[in-house]
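The structure file input-v1.cif is reproduced below (mmCIF, C-alpha atoms).
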data_upload
#
loop_
_atom_site.label_atom_id
_atom_site.label_comp_id
_atom_site.auth_asym_id
_atom_site.auth_seq_id
_atom_site.Cartn_x
_atom_site.Cartn_y
_atom_site.Cartn_z
CA MET A 1 -77.02 -21.58 -83.74
CA ILE A 2 -79.58 -20.12 -81.35
CA ASN A 3 -78.78 -20.55 -77.66
CA TYR A 4 -81.81 -20.75 -75.40
CA SER A 5 -82.63 -21.26 -71.76
CA VAL A 6 -85.87 -22.53 -70.28
CA TYR A 7 -87.97 -20.73 -67.69
CA LEU A 8 -91.32 -21.25 -66.00
CA HIS A 9 -94.04 -18.70 -66.69
CA ALA A 10 -97.49 -18.47 -65.17
CA ASN A 11 -100.58 -17.94 -67.34
CA PRO A 12 -101.72 -14.34 -66.68
CA MET A 13 -105.21 -15.25 -67.97
CA ASP A 14 -105.56 -18.17 -65.53
CA GLU A 15 -103.80 -17.62 -62.21
CA THR A 16 -104.85 -21.07 -61.01
CA ALA A 17 -103.06 -22.87 -63.84
CA SER A 18 -99.66 -24.38 -63.21
CA PRO A 19 -96.73 -22.49 -64.72
CA LYS A 20 -95.43 -23.92 -67.98
CA ALA A 21 -91.89 -24.14 -69.32
CA TYR A 22 -90.97 -21.84 -72.21
CA ALA A 23 -87.79 -21.12 -74.17
CA LYS A 24 -86.03 -17.76 -74.07
CA ALA A 25 -83.43 -16.91 -76.71
CA GLN A 26 -80.04 -15.95 -75.30
CA VAL A 27 -78.17 -13.25 -77.19
CA SER A 28 -74.70 -14.55 -77.99
CA GLU A 29 -73.30 -11.17 -79.06
CA VAL A 30 -74.42 -7.60 -79.53
CA MET A 31 -73.17 -6.72 -82.98
CA SER A 32 -72.39 -3.02 -83.28
CA PHE A 33 -73.37 -1.06 -86.35
CA PRO A 34 -69.73 -0.67 -87.49
CA LYS A 35 -69.13 -4.40 -87.07
CA PHE A 36 -72.30 -5.23 -89.03
CA VAL A 37 -71.28 -2.81 -91.79
CA LYS A 38 -67.86 -4.50 -91.96
CA HIS A 39 -69.55 -7.91 -92.12
CA ILE A 40 -71.68 -6.76 -95.08
CA ALA A 41 -68.69 -5.19 -96.85
CA ASP A 42 -66.65 -8.37 -96.33
CA HIS A 43 -69.43 -10.45 -97.91
CA ASN A 44 -69.60 -8.34 -101.01
CA GLY A 45 -66.19 -7.07 -102.06
CA VAL A 46 -67.67 -4.54 -104.50
CA TYR A 47 -68.72 -2.04 -101.81
CA THR A 48 -66.48 -0.45 -99.22
CA ARG A 49 -67.44 -0.13 -95.57
CA GLY A 50 -68.00 3.59 -96.12
CA THR A 51 -70.41 2.94 -98.97
CA VAL A 52 -72.33 0.31 -97.01
CA LYS A 53 -72.49 2.56 -93.94
CA GLY A 54 -73.66 5.50 -96.02
CA VAL A 55 -76.39 3.52 -97.76
CA ILE A 56 -77.72 2.06 -94.49
CA SER A 57 -77.59 5.42 -92.71
CA ASP A 58 -79.38 7.16 -95.59
CA MET A 59 -81.95 4.36 -95.71
CA CYS A 60 -82.72 4.80 -92.00
CA GLU A 61 -83.09 8.56 -92.36
CA CYS A 62 -85.37 8.18 -95.38
CA LEU A 63 -87.36 5.41 -93.70
CA VAL A 64 -88.13 7.67 -90.73
CA GLU A 65 -89.09 10.49 -93.09
CA MET A 66 -91.49 8.29 -95.07
CA LEU A 67 -93.04 6.75 -91.96
CA LEU A 68 -93.68 10.21 -90.50
CA GLU A 69 -95.46 11.06 -93.77
CA GLY A 70 -97.80 8.16 -93.06
CA LYS A 71 -96.40 5.83 -95.71
CA LYS A 72 -95.95 2.08 -95.51
CA VAL A 73 -92.47 1.28 -96.81
CA GLN A 74 -91.83 -2.03 -98.54
CA LEU A 75 -88.19 -3.08 -98.50
CA GLY A 76 -88.40 -6.26 -100.56
CA GLU A 77 -86.84 -9.29 -98.90
CA LEU A 78 -86.25 -7.32 -95.69
CA GLY A 79 -89.95 -6.66 -95.12
CA ASN A 80 -92.47 -3.88 -94.61
CA PHE A 81 -92.44 -0.99 -92.15
CA TRP A 82 -95.31 1.25 -91.06
CA ILE A 83 -96.54 2.98 -87.93
CA SER A 84 -99.37 2.40 -85.50
CA LEU A 85 -100.61 4.66 -82.74
CA ASN A 86 -101.48 4.26 -79.06
CA SER A 87 -104.02 6.67 -77.67
CA THR A 88 -106.20 7.33 -74.67
CA GLY A 89 -109.92 7.26 -75.23
CA ALA A 90 -112.04 10.37 -75.46
CA ASP A 91 -115.72 10.62 -74.58
CA SER A 92 -116.64 11.44 -78.18
CA LEU A 93 -115.21 11.87 -81.64
CA THR A 94 -115.29 15.65 -81.29
CA LYS A 95 -113.37 15.53 -77.99
CA PHE A 96 -110.54 13.44 -79.41
CA THR A 97 -107.45 15.50 -80.30
CA ALA A 98 -103.83 14.77 -81.12
CA GLN A 99 -103.16 15.17 -77.39
CA ASN A 100 -104.89 11.80 -76.90
CA ILE A 101 -102.15 10.11 -78.95
CA THR A 102 -99.65 8.67 -76.47
CA ALA A 103 -97.19 6.79 -78.68
CA VAL A 104 -96.08 6.19 -82.25
CA ASN A 105 -95.01 2.57 -82.75
CA LEU A 106 -92.95 1.03 -85.51
CA VAL A 107 -94.56 -2.03 -87.07
CA PHE A 108 -92.41 -4.46 -89.05
CA THR A 109 -93.50 -7.53 -90.94
CA PRO A 110 -90.62 -9.64 -92.20
CA GLY A 111 -90.09 -10.32 -95.88
CA GLU A 112 -89.45 -13.61 -97.61
CA ASP A 113 -85.82 -13.88 -96.46
CA PHE A 114 -87.13 -14.09 -92.89
CA GLU A 115 -89.99 -16.49 -93.52
CA ASN A 116 -89.84 -19.87 -91.87
CA LEU A 117 -86.74 -19.13 -89.79
CA ARG A 118 -87.70 -22.04 -87.52
CA SER A 119 -86.92 -24.55 -90.25
CA LYS A 120 -83.51 -22.94 -90.88
CA ALA A 121 -82.47 -22.66 -87.22
CA THR A 122 -80.55 -25.00 -84.98
CA PHE A 123 -80.94 -24.75 -81.22
CA ASN A 124 -78.58 -25.18 -78.29
CA PRO A 125 -79.85 -25.31 -74.68
CA VAL A 126 -77.78 -23.22 -72.25
CA SER A 127 -78.04 -22.04 -68.67
CA SER A 128 -79.86 -18.81 -67.96
CA ARG A 129 -77.77 -15.63 -67.88
CA ILE A 130 -78.14 -15.34 -64.10
CA VAL A 131 -76.77 -18.87 -63.65
CA GLN A 132 -73.94 -18.23 -66.11
CA ALA A 133 -72.94 -15.05 -64.27
CA ALA A 134 -73.06 -16.76 -60.86
CA THR A 135 -71.01 -19.70 -62.10
CA LEU A 136 -68.35 -17.40 -63.54
CA LYS A 137 -68.25 -15.38 -60.31
CA ALA A 138 -67.86 -18.57 -58.24
CA GLU A 139 -65.15 -19.88 -60.54
CA LYS A 140 -63.17 -16.63 -60.33
CA SER A 141 -63.39 -16.58 -56.54
CA GLY A 142 -62.29 -20.23 -56.25
CA GLU A 143 -65.62 -21.59 -55.04
CA GLY A 144 -66.36 -25.20 -55.91
CA THR A 145 -70.16 -25.06 -55.93
CA VAL A 146 -72.99 -22.71 -56.77
CA ASP A 147 -76.39 -22.75 -55.04
CA LEU A 148 -78.79 -22.43 -57.97
CA ASN A 149 -81.84 -22.14 -55.72
CA ALA A 150 -80.30 -19.20 -53.87
CA ILE A 151 -79.37 -17.52 -57.15
CA LYS A 152 -82.92 -17.84 -58.42
CA GLY A 153 -84.46 -16.93 -55.04
CA LYS A 154 -86.10 -20.33 -54.65
CA THR A 155 -86.33 -22.87 -51.90
CA PRO A 156 -85.53 -26.54 -52.61
CA ALA A 157 -89.29 -27.26 -52.39
CA ASP A 158 -89.95 -24.67 -55.14
CA ASN A 159 -87.34 -26.32 -57.32
CA ASN A 160 -88.93 -29.78 -56.87
CA ARG A 161 -92.37 -28.46 -57.80
CA ASP A 162 -90.94 -26.67 -60.87
CA ALA A 163 -89.21 -29.82 -62.13
CA GLU A 164 -92.34 -31.93 -61.62
CA GLY A 165 -94.71 -29.32 -63.10
CA GLN A 166 -96.73 -29.08 -59.90
CA ASP A 167 -98.33 -25.98 -58.39
#
Show the structure stored in the file as C-alpha coordinates.
Amino acid sequence: MINYSVYLHANPMDETASPKAYAKAQVSEVMSFPKFVKHIADHNGVYTRGTVKGVISDMCECLVEMLLEGKKVQLGELGNFWISLNSTGADSLTKFTAQNITAVNLVFTPGEDFENLRSKATFNPVSSRIVQAATLKAEKSGEGTVDLNAIKGKTPADNNRDAEGQD
(Lines of atoms letter the chains of each structure in order from A and count residues from 1; the text may use other names and numbers.)
(Lines give C-alpha, C1' and ligand atoms only; values in the text may rest on other atoms or scores of the structure.)
Protein backbone atom coordinates (compact mmCIF):
# COMPACT_ATOMS: atom_id res chain seq x y z
CA MET A 1 0.00 0.00 0.00
CA ILE A 2 1.29 3.46 -0.88
CA ASN A 3 0.74 6.12 1.78
CA TYR A 4 0.36 9.64 0.45
CA SER A 5 -0.32 13.12 1.72
CA VAL A 6 -1.75 16.04 -0.22
CA TYR A 7 -0.11 19.44 -0.60
CA LEU A 8 -0.79 22.64 -2.51
CA HIS A 9 1.71 23.64 -5.18
CA ALA A 10 1.78 26.79 -7.28
CA ASN A 11 2.31 26.64 -11.04
CA PRO A 12 5.85 27.99 -11.66
CA MET A 13 4.90 28.73 -15.29
CA ASP A 14 1.88 30.83 -14.27
CA GLU A 15 2.34 32.71 -11.00
CA THR A 16 -1.19 34.12 -11.24
CA ALA A 17 -2.82 30.68 -11.25
CA SER A 18 -4.26 29.31 -8.03
CA PRO A 19 -2.23 26.56 -6.38
CA LYS A 20 -3.49 23.05 -7.04
CA ALA A 21 -3.55 20.01 -4.77
CA TYR A 22 -1.12 17.19 -5.55
CA ALA A 23 -0.22 13.87 -3.94
CA LYS A 24 3.17 13.17 -2.40
CA ALA A 25 4.20 9.59 -1.63
CA GLN A 26 5.20 9.01 1.98
CA VAL A 27 8.02 6.54 2.54
CA SER A 28 6.86 3.94 5.03
CA GLU A 29 10.31 2.45 5.63
CA VAL A 30 13.87 2.84 4.43
CA MET A 31 14.92 -0.70 3.62
CA SER A 32 18.65 -1.19 4.12
CA PHE A 33 20.70 -3.15 1.63
CA PRO A 34 21.24 -6.05 4.09
CA LYS A 35 17.51 -6.20 4.82
CA PHE A 36 16.68 -6.18 1.10
CA VAL A 37 19.23 -8.94 0.48
CA LYS A 38 17.65 -11.00 3.27
CA HIS A 39 14.20 -10.40 1.76
CA ILE A 40 15.41 -11.69 -1.63
CA ALA A 41 17.13 -14.70 -0.06
CA ASP A 42 13.99 -15.53 1.95
CA HIS A 43 11.90 -15.46 -1.25
CA ASN A 44 14.13 -17.88 -3.06
CA GLY A 45 15.53 -20.53 -0.75
CA VAL A 46 18.12 -21.67 -3.32
CA TYR A 47 20.47 -18.72 -2.76
CA THR A 48 22.02 -17.66 0.52
CA ARG A 49 22.16 -14.05 1.67
CA GLY A 50 25.89 -14.04 0.90
CA THR A 51 25.29 -15.18 -2.67
CA VAL A 52 22.53 -12.62 -3.23
CA LYS A 53 24.65 -9.84 -1.71
CA GLY A 54 27.63 -10.82 -3.83
CA VAL A 55 25.65 -10.91 -7.06
CA ILE A 56 24.02 -7.52 -6.42
CA SER A 57 27.32 -5.92 -5.35
CA ASP A 58 29.12 -7.29 -8.42
CA MET A 59 26.25 -6.15 -10.65
CA CYS A 60 26.52 -2.60 -9.30
CA GLU A 61 30.28 -2.52 -9.81
CA CYS A 62 29.96 -3.86 -13.36
CA LEU A 63 27.07 -1.51 -14.13
CA VAL A 64 29.18 1.52 -13.17
CA GLU A 65 32.07 0.19 -15.26
CA MET A 66 29.89 -0.30 -18.35
CA LEU A 67 28.18 3.08 -17.98
CA LEU A 68 31.56 4.82 -17.74
CA GLU A 69 32.50 3.07 -21.00
CA GLY A 70 29.50 4.78 -22.59
CA LYS A 71 27.32 1.68 -22.83
CA LYS A 72 23.57 1.42 -22.33
CA VAL A 73 22.93 -1.58 -20.10
CA GLN A 74 19.71 -3.54 -20.48
CA LEU A 75 18.76 -5.52 -17.39
CA GLY A 76 15.66 -7.29 -18.67
CA GLU A 77 12.61 -6.89 -16.46
CA LEU A 78 14.47 -4.41 -14.24
CA GLY A 79 15.00 -1.90 -17.05
CA ASN A 80 17.68 0.02 -18.90
CA PHE A 81 20.48 2.21 -17.57
CA TRP A 82 22.59 4.78 -19.40
CA ILE A 83 24.15 8.16 -18.75
CA SER A 84 23.39 11.71 -19.84
CA LEU A 85 25.51 14.81 -19.40
CA ASN A 86 24.94 18.35 -18.15
CA SER A 87 27.21 21.01 -19.55
CA THR A 88 27.70 24.73 -19.77
CA GLY A 89 27.54 26.25 -23.21
CA ALA A 90 30.60 27.35 -25.13
CA ASP A 91 30.71 30.09 -27.75
CA SER A 92 31.65 27.60 -30.47
CA LEU A 93 32.25 23.92 -31.12
CA THR A 94 36.01 24.45 -31.01
CA LYS A 95 35.82 26.20 -27.62
CA PHE A 96 33.87 23.37 -26.00
CA THR A 97 36.04 21.07 -23.87
CA ALA A 98 35.45 18.40 -21.26
CA GLN A 99 35.72 21.20 -18.68
CA ASN A 100 32.28 22.37 -19.88
CA ILE A 101 30.75 19.09 -18.66
CA THR A 102 29.29 19.77 -15.22
CA ALA A 103 27.57 16.49 -14.33
CA VAL A 104 27.14 12.86 -15.31
CA ASN A 105 23.58 11.69 -14.68
CA LEU A 106 22.21 8.17 -14.42
CA VAL A 107 19.17 7.58 -16.61
CA PHE A 108 16.88 4.64 -15.86
CA THR A 109 13.87 3.48 -17.80
CA PRO A 110 11.89 0.77 -16.04
CA GLY A 111 11.37 -2.65 -17.58
CA GLU A 112 8.17 -4.61 -17.96
CA ASP A 113 7.96 -5.60 -14.28
CA PHE A 114 7.57 -1.90 -13.46
CA GLU A 115 5.12 -1.01 -16.21
CA ASN A 116 1.68 0.12 -15.18
CA LEU A 117 2.42 0.25 -11.45
CA ARG A 118 -0.60 2.53 -11.03
CA SER A 119 -2.98 -0.31 -11.84
CA LYS A 120 -1.25 -2.59 -9.31
CA ALA A 121 -1.09 -0.06 -6.46
CA THR A 122 -3.47 0.68 -3.64
CA PHE A 123 -3.38 4.07 -1.94
CA ASN A 124 -3.86 5.25 1.62
CA PRO A 125 -4.17 8.97 2.49
CA VAL A 126 -2.12 10.00 5.54
CA SER A 127 -1.10 13.21 7.25
CA SER A 128 2.05 14.94 6.09
CA ARG A 129 5.28 14.05 7.88
CA ILE A 130 5.40 17.44 9.61
CA VAL A 131 1.90 16.91 11.01
CA GLN A 132 2.71 13.35 12.07
CA ALA A 133 5.85 14.52 13.90
CA ALA A 134 4.00 17.38 15.64
CA THR A 135 1.18 15.08 16.70
CA LEU A 136 3.60 12.56 18.17
CA LYS A 137 5.49 15.32 19.99
CA ALA A 138 2.24 16.70 21.44
CA GLU A 139 1.09 13.24 22.48
CA LYS A 140 4.39 12.51 24.26
CA SER A 141 4.27 15.82 26.11
CA GLY A 142 0.65 15.30 27.20
CA GLU A 143 -0.85 18.04 25.05
CA GLY A 144 -4.44 17.53 23.96
CA THR A 145 -4.41 19.56 20.75
CA VAL A 146 -2.10 20.49 17.90
CA ASP A 147 -2.32 23.77 15.97
CA LEU A 148 -1.94 22.61 12.37
CA ASN A 149 -1.83 26.15 11.01
CA ALA A 150 1.07 27.03 13.30
CA ILE A 151 2.91 23.85 12.32
CA LYS A 152 2.55 24.68 8.64
CA GLY A 153 3.27 28.38 9.16
CA LYS A 154 -0.18 29.43 7.99
CA THR A 155 -2.84 31.75 9.29
CA PRO A 156 -6.45 30.54 9.58
CA ALA A 157 -7.28 32.71 6.53
CA ASP A 158 -4.60 30.88 4.49
CA ASN A 159 -6.09 27.56 5.52
CA ASN A 160 -9.61 28.62 4.43
CA ARG A 161 -8.35 29.75 1.02
CA ASP A 162 -6.40 26.48 0.57
CA ALA A 163 -9.45 24.35 1.36
CA GLU A 164 -11.66 26.35 -1.00
CA GLY A 165 -9.06 26.50 -3.80
CA GLN A 166 -9.01 30.30 -3.77
CA ASP A 167 -6.01 32.58 -4.32
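When the PyMOL selection byres ((chain A and resi 110) around 9) is run on the displayed coordinates, the residues it returns are Glu77, Leu78, Gly79, Asn80, Phe81, Phe108, Thr109, Gly111, Glu112, Asp113, Phe114 and Glu115 of chain A.
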Do you know which residues are at most 12 Å from A:Ile151 counting only C-alpha atoms, after dropping those on the same chain fewer than 4 positions away, and could you put them as a PyMOL selection string? chain A and resi 128-135+137-138+145-147+155-156+159
Residues within 12 Å of A:Leu67, please, as a ChimeraX atom specification. Count only C-alpha atoms; anything in the same chain fewer than 3 positions from it doesn't count. /A:59-64,70-74,80-84,104-108
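Atom CA of A:Ala41 lies 11.8 Å from atom CA of A:Gly54.
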Residue neighbourhood A:Lys20, 8 Å, only C-alpha atoms, exclusion window fewer than 3 positions, as a PyMOL selection string: chain A and resi 8-11+165
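Going from atom CA of A:Gly50 over to atom CA of A:Val30, you cover 21.0 Å.
In this model, the gap between atom CA of A:His43 and atom CA of A:Met31 comes to 15.8 Å.
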